[in-house]
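run_18.txt (compact mmCIF, C-alpha atoms and all ligand atoms) appears below.
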# COMPACT_ATOMS: atom_id res chain seq x y z
CA MET A 1 100.28 -46.60 109.58
CA THR A 2 103.18 -49.05 109.62
CA MET A 3 104.71 -50.12 106.40
CA ARG A 4 105.83 -53.70 106.66
CA ALA A 5 105.28 -55.42 103.33
CA GLN A 6 104.29 -58.64 105.09
CA LYS A 7 101.15 -56.92 106.40
CA THR A 8 99.70 -57.19 102.93
CA LYS A 9 98.54 -60.53 101.60
CA ALA A 10 100.24 -62.02 98.58
CA ARG A 11 97.05 -61.79 96.49
CA ASP A 12 96.52 -58.13 97.31
CA VAL A 13 96.78 -55.70 94.46
CA LEU A 14 97.62 -52.12 95.31
CA LEU A 15 96.30 -49.21 93.29
CA GLY A 16 98.59 -46.20 92.98
CA VAL A 17 98.24 -42.91 91.10
CA ASP A 18 101.08 -40.58 90.15
CA ILE A 19 99.86 -37.10 89.20
CA GLY A 20 102.43 -34.90 87.44
CA GLY A 21 102.42 -31.59 85.63
CA THR A 22 101.94 -33.24 82.22
CA LYS A 23 100.63 -36.76 82.84
CA VAL A 24 98.65 -38.99 85.18
CA LEU A 25 99.82 -42.54 85.74
CA ALA A 26 97.49 -45.05 87.40
CA GLY A 27 98.94 -48.48 88.11
CA LEU A 28 98.43 -51.84 89.76
CA VAL A 29 101.27 -52.92 92.02
CA THR A 30 101.81 -56.28 93.71
CA SER A 31 102.36 -56.59 97.45
CA ARG A 32 106.02 -57.14 96.57
CA GLY A 33 106.30 -53.79 94.82
CA LYS A 34 106.20 -55.02 91.25
CA ILE A 35 104.26 -52.83 88.82
CA LEU A 36 101.80 -55.12 86.98
CA HIS A 37 100.15 -52.68 84.66
CA SER A 38 99.82 -48.92 84.31
CA VAL A 39 97.72 -46.49 82.30
CA ARG A 40 98.98 -43.07 81.31
CA THR A 41 96.80 -40.09 80.36
CA PRO A 42 97.64 -36.42 79.72
CA MET A 43 97.11 -34.11 82.73
CA ALA A 44 95.11 -30.92 82.17
CA ALA A 45 97.17 -29.21 84.85
CA ARG A 46 96.49 -25.62 83.81
CA LYS A 47 92.78 -25.78 82.96
CA THR A 48 89.85 -25.80 85.38
CA ALA A 49 89.85 -27.86 88.58
CA ARG A 50 87.18 -30.13 87.03
CA GLU A 51 89.22 -30.75 83.89
CA GLY A 52 92.26 -31.58 86.02
CA LEU A 53 90.12 -34.04 87.99
CA GLN A 54 88.78 -35.56 84.77
CA SER A 55 92.38 -36.37 83.73
CA VAL A 56 92.75 -38.38 86.94
CA PHE A 57 89.40 -40.12 86.33
CA ASP A 58 90.50 -41.00 82.78
CA ALA A 59 93.63 -42.75 84.08
CA LEU A 60 91.69 -44.50 86.85
CA ASP A 61 88.88 -45.57 84.49
CA GLY A 62 91.57 -47.08 82.26
CA ILE A 63 93.12 -49.09 85.06
CA MET A 64 89.72 -50.16 86.44
CA GLY A 65 89.21 -51.96 83.11
CA ASP A 66 91.83 -54.47 84.26
CA PRO A 67 89.99 -57.24 86.19
CA ARG A 68 92.80 -57.37 88.75
CA ALA A 69 91.85 -53.83 89.85
CA LYS A 70 88.81 -55.32 91.60
CA ARG A 71 91.20 -56.70 94.25
CA ALA A 72 92.36 -53.21 95.24
CA ARG A 73 90.85 -52.03 98.52
CA SER A 74 91.93 -48.41 98.39
CA VAL A 75 93.64 -45.81 96.23
CA GLY A 76 96.90 -44.02 97.03
CA VAL A 77 97.67 -40.79 95.19
CA SER A 78 101.00 -39.00 94.91
CA VAL A 79 100.89 -35.24 94.17
CA PRO A 80 103.94 -33.00 93.60
CA GLY A 81 103.00 -30.09 95.83
CA TRP A 82 101.63 -28.95 99.17
CA VAL A 83 99.20 -31.62 100.26
CA ASP A 84 97.04 -31.64 103.39
CA ALA A 85 97.14 -35.40 103.83
CA VAL A 86 94.90 -35.30 106.90
CA ARG A 87 91.99 -33.67 105.06
CA GLY A 88 92.85 -35.14 101.65
CA VAL A 89 93.18 -31.70 100.12
CA VAL A 90 95.69 -30.41 97.56
CA HIS A 91 96.61 -27.03 98.98
CA SER A 92 98.69 -25.95 95.96
CA ALA A 93 101.13 -27.43 93.47
CA PRO A 94 103.37 -25.26 91.28
CA ASN A 95 103.01 -27.50 88.21
CA ILE A 96 99.31 -28.25 88.74
CA SER A 97 97.87 -24.77 88.95
CA CYS A 98 94.28 -25.96 88.32
CA TRP A 99 93.97 -27.01 91.98
CA ARG A 100 93.93 -24.73 95.01
CA ASN A 101 92.51 -26.13 98.24
CA PHE A 102 91.03 -28.89 96.13
CA PRO A 103 89.41 -31.86 97.93
CA LEU A 104 91.01 -34.47 95.67
CA ALA A 105 90.62 -37.46 98.00
CA ARG A 106 86.87 -36.87 98.46
CA GLU A 107 86.28 -36.52 94.71
CA ILE A 108 88.06 -39.79 93.88
CA GLN A 109 86.39 -41.59 96.78
CA ARG A 110 82.95 -40.45 95.64
CA ARG A 111 83.43 -41.80 92.13
CA TYR A 112 85.03 -45.17 92.87
CA GLY A 113 83.68 -45.93 96.35
CA LEU A 114 87.14 -46.76 97.70
CA PRO A 115 89.04 -45.08 100.54
CA VAL A 116 91.61 -42.63 99.15
CA ARG A 117 94.84 -41.38 100.65
CA ILE A 118 96.83 -38.55 99.09
CA GLU A 119 100.37 -37.44 99.89
CA ASN A 120 103.15 -35.28 98.59
CA ASP A 121 105.23 -37.21 96.00
CA ALA A 122 108.46 -37.43 98.01
CA ASN A 123 106.51 -38.48 101.11
CA ALA A 124 104.89 -41.23 99.06
CA ALA A 125 108.25 -42.24 97.54
CA VAL A 126 109.93 -42.66 100.91
CA LEU A 127 107.18 -45.12 101.84
CA ALA A 128 107.87 -47.20 98.72
CA GLU A 129 111.59 -47.23 99.54
CA THR A 130 110.81 -48.23 103.12
CA VAL A 131 108.50 -51.08 102.12
CA TRP A 132 110.29 -52.40 99.02
CA GLY A 133 113.66 -50.65 98.80
CA PRO A 134 116.84 -50.20 100.83
CA GLY A 135 114.86 -48.66 103.70
CA ALA A 136 113.17 -52.00 104.46
CA LYS A 137 115.65 -53.04 107.14
CA HIS A 138 115.50 -49.71 108.92
CA ALA A 139 113.25 -47.80 111.29
CA ASN A 140 114.43 -44.27 110.43
CA VAL A 141 114.84 -43.41 106.77
CA PHE A 142 115.74 -40.17 105.03
CA TYR A 143 114.96 -40.02 101.32
CA VAL A 144 116.03 -37.29 98.94
CA THR A 145 115.06 -37.10 95.30
CA VAL A 146 117.25 -34.94 93.09
CA GLY A 147 115.83 -34.06 89.70
CA THR A 148 114.35 -30.85 88.31
CA GLY A 149 113.96 -29.88 91.98
CA ILE A 150 114.75 -31.49 95.33
CA GLY A 151 112.17 -33.39 97.39
CA THR A 152 112.60 -35.19 100.68
CA GLY A 153 110.70 -37.78 102.70
CA ILE A 154 111.18 -38.83 106.31
CA VAL A 155 110.19 -42.11 107.96
CA LEU A 156 110.64 -42.20 111.74
CA HIS A 157 110.03 -45.37 113.74
CA GLN A 158 108.60 -46.94 110.56
CA ARG A 159 106.01 -44.21 110.19
CA LEU A 160 105.86 -41.46 107.63
CA HIS A 161 106.56 -38.12 109.24
CA SER A 162 104.27 -35.72 107.43
CA GLY A 163 103.79 -33.04 110.08
CA ARG A 164 100.69 -31.33 111.39
CA THR A 165 98.93 -31.03 108.02
CA GLY A 166 101.22 -32.95 105.66
CA GLY A 167 103.53 -30.03 105.00
CA ALA A 168 106.59 -31.48 106.77
CA SER A 169 109.74 -32.69 105.09
CA GLU A 170 110.16 -29.98 102.45
CA GLY A 171 113.90 -30.38 102.80
CA GLY A 172 114.57 -28.94 99.33
CA HIS A 173 113.61 -25.55 100.73
CA VAL A 174 115.95 -25.61 103.69
CA THR A 175 118.26 -22.64 103.25
CA ILE A 176 122.02 -23.00 103.48
CA ASP A 177 122.81 -19.34 102.69
CA PHE A 178 120.48 -16.39 103.23
CA ASN A 179 122.48 -14.43 100.63
CA GLY A 180 122.17 -17.30 98.15
CA PRO A 181 120.33 -17.44 94.83
CA ARG A 182 116.57 -16.92 94.79
CA CYS A 183 114.62 -20.18 94.81
CA GLY A 184 111.30 -20.87 93.06
CA CYS A 185 109.61 -20.91 96.49
CA GLY A 186 110.51 -17.27 97.11
CA LYS A 187 113.24 -17.89 99.69
CA ARG A 188 116.97 -17.44 99.12
CA GLY A 189 119.71 -20.07 99.21
CA CYS A 190 117.50 -23.17 99.38
CA ILE A 191 119.47 -26.34 98.59
CA GLU A 192 117.19 -26.73 95.55
CA ALA A 193 118.68 -23.48 94.21
CA TYR A 194 122.17 -25.09 94.24
CA VAL A 195 121.91 -28.80 93.51
CA SER A 196 118.78 -29.49 91.41
CA GLY A 197 119.01 -30.11 87.67
CA THR A 198 117.57 -26.66 87.10
CA ALA A 199 120.16 -25.03 89.38
CA ILE A 200 123.13 -26.87 87.85
CA ALA A 201 122.02 -25.99 84.31
CA CYS A 202 121.47 -22.38 85.33
CA ARG A 203 124.94 -22.16 86.93
CA ALA A 204 126.53 -23.71 83.84
CA ARG A 205 124.83 -21.22 81.50
CA GLU A 206 125.92 -18.35 83.76
CA LEU A 207 129.58 -19.46 83.74
CA LEU A 208 129.55 -20.29 80.02
CA SER A 209 128.40 -16.76 79.16
CA LYS A 210 131.70 -15.44 80.59
CA PRO A 211 134.74 -14.98 78.33
CA GLY A 212 137.29 -17.81 78.02
CA THR A 213 134.79 -20.64 78.31
CA ARG A 214 134.03 -21.26 74.62
CA SER A 215 136.15 -24.40 74.53
CA SER A 216 134.22 -26.08 77.36
CA LYS A 217 132.90 -29.53 76.48
CA ILE A 218 129.60 -28.60 78.16
CA LEU A 219 128.71 -26.37 75.23
CA LYS A 220 129.73 -29.08 72.78
CA ALA A 221 127.52 -31.62 74.60
CA ALA A 222 124.60 -29.19 74.22
CA GLY A 223 125.11 -28.90 70.46
CA GLY A 224 126.85 -25.53 70.79
CA LYS A 225 123.71 -23.80 72.06
CA LEU A 226 124.01 -22.00 75.40
CA ASP A 227 120.23 -21.99 75.93
CA ALA A 228 120.10 -25.75 75.46
CA VAL A 229 122.59 -26.52 78.29
CA LYS A 230 121.15 -28.95 80.83
CA ALA A 231 122.55 -30.72 83.89
CA GLU A 232 123.07 -33.89 81.83
CA HIS A 233 125.44 -31.99 79.51
CA VAL A 234 127.44 -30.84 82.52
CA ALA A 235 127.61 -34.45 83.76
CA LYS A 236 128.73 -35.69 80.33
CA ALA A 237 131.43 -33.02 80.03
CA ALA A 238 132.67 -33.78 83.54
CA ARG A 239 133.05 -37.46 82.60
CA GLN A 240 135.22 -36.30 79.68
CA GLY A 241 137.45 -34.39 82.10
CA ASP A 242 136.14 -30.89 81.36
CA ARG A 243 137.43 -28.48 84.03
CA LEU A 244 134.46 -26.13 84.19
CA ALA A 245 131.97 -29.01 84.39
CA THR A 246 133.99 -30.67 87.14
CA GLN A 247 134.09 -27.40 89.07
CA ILE A 248 130.29 -26.96 88.78
CA LEU A 249 129.62 -30.50 90.02
CA ASN A 250 132.17 -30.23 92.84
CA ASP A 251 130.46 -27.03 94.00
CA ALA A 252 127.10 -28.80 93.89
CA ALA A 253 128.52 -31.70 95.92
CA ASP A 254 129.97 -29.30 98.50
CA HIS A 255 126.64 -27.49 98.91
CA PHE A 256 124.87 -30.83 99.17
CA ALA A 257 127.26 -31.91 101.95
CA ILE A 258 126.53 -28.74 103.95
CA TRP A 259 122.82 -29.45 103.69
CA LEU A 260 123.06 -33.21 104.33
CA GLY A 261 125.27 -32.52 107.35
CA GLY A 262 122.40 -30.51 108.81
CA VAL A 263 119.97 -33.33 108.03
CA ILE A 264 122.21 -35.87 109.80
CA ASP A 265 122.63 -33.63 112.83
CA MET A 266 118.87 -33.07 112.99
CA LEU A 267 117.57 -36.61 112.30
CA GLU A 268 120.47 -39.08 112.52
CA PRO A 269 118.67 -41.48 110.15
CA ASP A 270 119.59 -45.18 109.89
CA VAL A 271 119.97 -44.81 106.13
CA ILE A 272 120.01 -42.02 103.53
CA ILE A 273 118.46 -42.94 100.16
CA ILE A 274 119.08 -40.88 97.01
CA GLY A 275 116.56 -41.08 94.17
CA GLY A 276 115.33 -38.98 91.26
CA GLY A 277 116.55 -38.36 87.72
CA MET A 278 119.95 -37.20 88.99
CA ALA A 279 120.51 -40.10 91.40
CA SER A 280 123.42 -41.59 89.40
CA LEU A 281 125.13 -38.24 89.17
CA MET A 282 124.77 -37.67 92.93
CA MET A 283 126.06 -41.19 93.65
CA SER A 284 129.13 -40.45 91.48
CA LEU A 285 129.80 -37.42 93.71
CA LEU A 286 129.46 -39.46 96.90
CA PRO A 287 133.19 -39.61 97.81
CA ARG A 288 133.34 -35.82 97.77
CA ILE A 289 130.02 -35.50 99.64
CA ARG A 290 131.35 -37.93 102.29
CA ARG A 291 134.51 -35.82 102.68
CA GLY A 292 132.34 -32.73 103.06
CA LEU A 293 130.30 -34.39 105.80
CA ARG A 294 133.46 -34.56 107.97
CA THR A 295 133.17 -30.77 108.15
CA TRP A 296 129.41 -30.26 107.92
CA ALA A 297 127.97 -32.95 110.19
CA ALA A 298 128.90 -32.62 113.85
CA ASN A 299 127.58 -36.11 114.64
CA PRO A 300 130.66 -38.17 115.65
CA ARG A 301 129.21 -41.33 114.04
CA ARG A 302 128.06 -39.74 110.76
CA HIS A 303 130.39 -42.05 108.75
CA GLU A 304 128.37 -45.10 109.87
CA ILE A 305 125.21 -43.94 108.06
CA PRO A 306 124.88 -45.67 104.68
CA ILE A 307 124.09 -43.41 101.71
CA VAL A 308 122.55 -45.60 99.00
CA ARG A 309 120.71 -45.34 95.73
CA ALA A 310 116.90 -45.63 95.64
CA HIS A 311 115.26 -48.83 94.42
CA PHE A 312 112.65 -47.02 92.31
CA GLY A 313 113.58 -44.70 89.47
CA ALA A 314 110.94 -43.09 87.27
CA ASP A 315 108.29 -45.27 88.98
CA SER A 316 108.90 -43.81 92.45
CA ALA A 317 105.69 -41.74 92.59
CA LEU A 318 103.50 -44.57 91.28
CA ALA A 319 105.05 -47.08 93.68
CA GLY A 320 104.73 -44.44 96.40
CA GLY A 321 101.03 -44.04 95.68
CA ALA A 322 100.59 -47.82 95.98
CA ALA A 323 102.65 -47.89 99.20
CA LEU A 324 100.24 -45.34 100.72
CA THR A 325 97.50 -47.98 100.63
CA ILE A 326 99.37 -50.50 102.81
CA ARG A 327 97.83 -50.58 106.24
ZN ZN B 1 113.03 -22.88 98.08
Any chance you could give the structure as structure tokens?
Ligand SMILES: [Zn+2]
Amino acid sequence: MTMRAQKTKARDVLLGVDIGGTKVLAGLVTSRGKILHSVRTPMAARKTAREGLQSVFDALDGIMGDPRAKRARSVGVSVPGWVDAVRGVVHSAPNISCWRNFPLAREIQRRYGLPVRIENDANAAVLAETVWGPGAKHANVFYVTVGTGIGTGIVLHQRLHSGRTGGASEGGHVTIDFNGPRCGCGKRGCIEAYVSGTAIACRARELLSKPGTRSSKILKAAGGKLDAVKAEHVAKAARQGDRLATQILNDAADHFAIWLGGVIDMLEPDVIIIGGGMASLMMSLLPRIRRGLRTWAANPRRHEIPIVRAHFGADSALAGGAALTIR
């Protein structure tokens, strides 16, 4: 599949679905990437497989009520987990435990009579950025979303690189230190265990529980409650000049540079796009990340690769689902 926006007709309406751990979002998207209308339903992610599927049907039924949905020729679905895109099967997803080896594409296809394509959420998001975002001028795009966790998507020669079964591009679980902290995936020292929102909050709580840190503005930002400390409180305190917060974010930037240096040496993308809930924070750390790349990317022309912010924010998975349907 190539992803040039001009391959769709102006009248085309694309139908995307974003399945998350708590909600399903089904939406109609124009061929220019504008979200026309979306319907949100709760996701029964921890009940039976059928109940989980029913949540998806509820969102899709809602959107099918819009007459413009009749113009959609297929459905694209973004799932945060291990997806076998070739067979249309959700292998497993940590936040959607109701599905294991679940034939999601076939079930949706059977009910609505439309072809269905499913993909991992970051794989879908990189397509949206390549069709409608800063990746549009480029053939080789590397996308990283930094939020609760870290997801990555790779487009090579204008095609999504999803691997043998769809399991490629799990860059968040590339290890930078085998002695590092344990990651949710079971491995040690994954970049997700250093730079995600979860990891930064965890590191902050660990440091704040040591003596001599009571005066840190991080704790103040979190209302004085250690358990309530989140990455956003660290970011806020760092903006106010707090030393501990600055140190935590600098460490995160340095780890990110080690990892991104490896990505550049492996892929040498035309552009690196940063998305996710922590995109602004990561962009604010860019000067330090760039300095780190002088050490951690061997590529002599690493400095020529633009590192830019994603076009889509919270809509990235929905737009990604829609982008999956562009042929
Ligand atoms: Zn991991």
- Item | Protein and nucleic acid residues within 12 Å of ligand ZN 1 (chain B) (all atoms listed in the file) as an NGL selection string | :A and (149-151 or 170-178 or 180-196 or 199)
- Message: Taking (114.3, -42.0, 109.2) in the coordinates of the supplied file, I want to know which residues reach to within 8 Å of it, counting all atoms listed in the file; could you give the answer as a ChimeraX atom specification?
- Response: /A:138-142,154-158,267-271
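Of the listed residues (A:Ala49, A:Ala59, A:Ile305, A:Ala69), A:Ala69 comes nearest to A:Leu36; the distances count only C-alpha atoms.
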- Query: Residues at most 8 Å from stretch 241-249 of chain A, counting only C-alpha atoms, excluding those fewer than 4 positions away in the same chain, as number ranges by chain?
  - Reply: A: 200, 203-204, 216-218, 234-235, 237, 253, 285
- Message: Env of A:Ser162: 10 Å cut, atoms = all atoms listed in the file, seq-sep filter 3 positions within chain, self excluded. Answer as a list in words.
- Response: Val83, Asp84, Ala85, Val86, Glu119, Asn120, Asn123, Gly153, Ile154, Val155, Arg159, Thr165, Gly166, Gly167, Ala168, Ser169 and Glu170 of chain A
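Checking A:Ala105, A:Ala298, A:Met278, A:Ile272 one by one against A:Ala314, counting only C-alpha atoms, you find the shortest gap at A:Met278.
Take atom CA of A:Ala238 and atom CA of A:Gly262: the distance between them is 27.5 Å.
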- Message: From the options A:Gly16, A:Pro306, A:Gly292, A:Gly27, which residue's atoms come nearest to A:Ala124, counting only C-alpha atoms?
- Response: A:Gly16
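Residue nearest A:Glu304, chosen from A:Ile264, A:Ile35, A:Leu207, A:Val79 and counting all atoms listed in the file: A:Ile264.
Distances here use only C-alpha atoms; by that measure, the residue among A:Pro300, A:Ala26, A:Glu107, A:Thr48 closest to A:Val77 is A:Ala26.
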- From the set A:Val24, A:Ala221, A:Val39, A:Val308, which residue has the shortest atom-to-atom contact distance to A:Met283, counting all atoms listed in the file? A:Val308
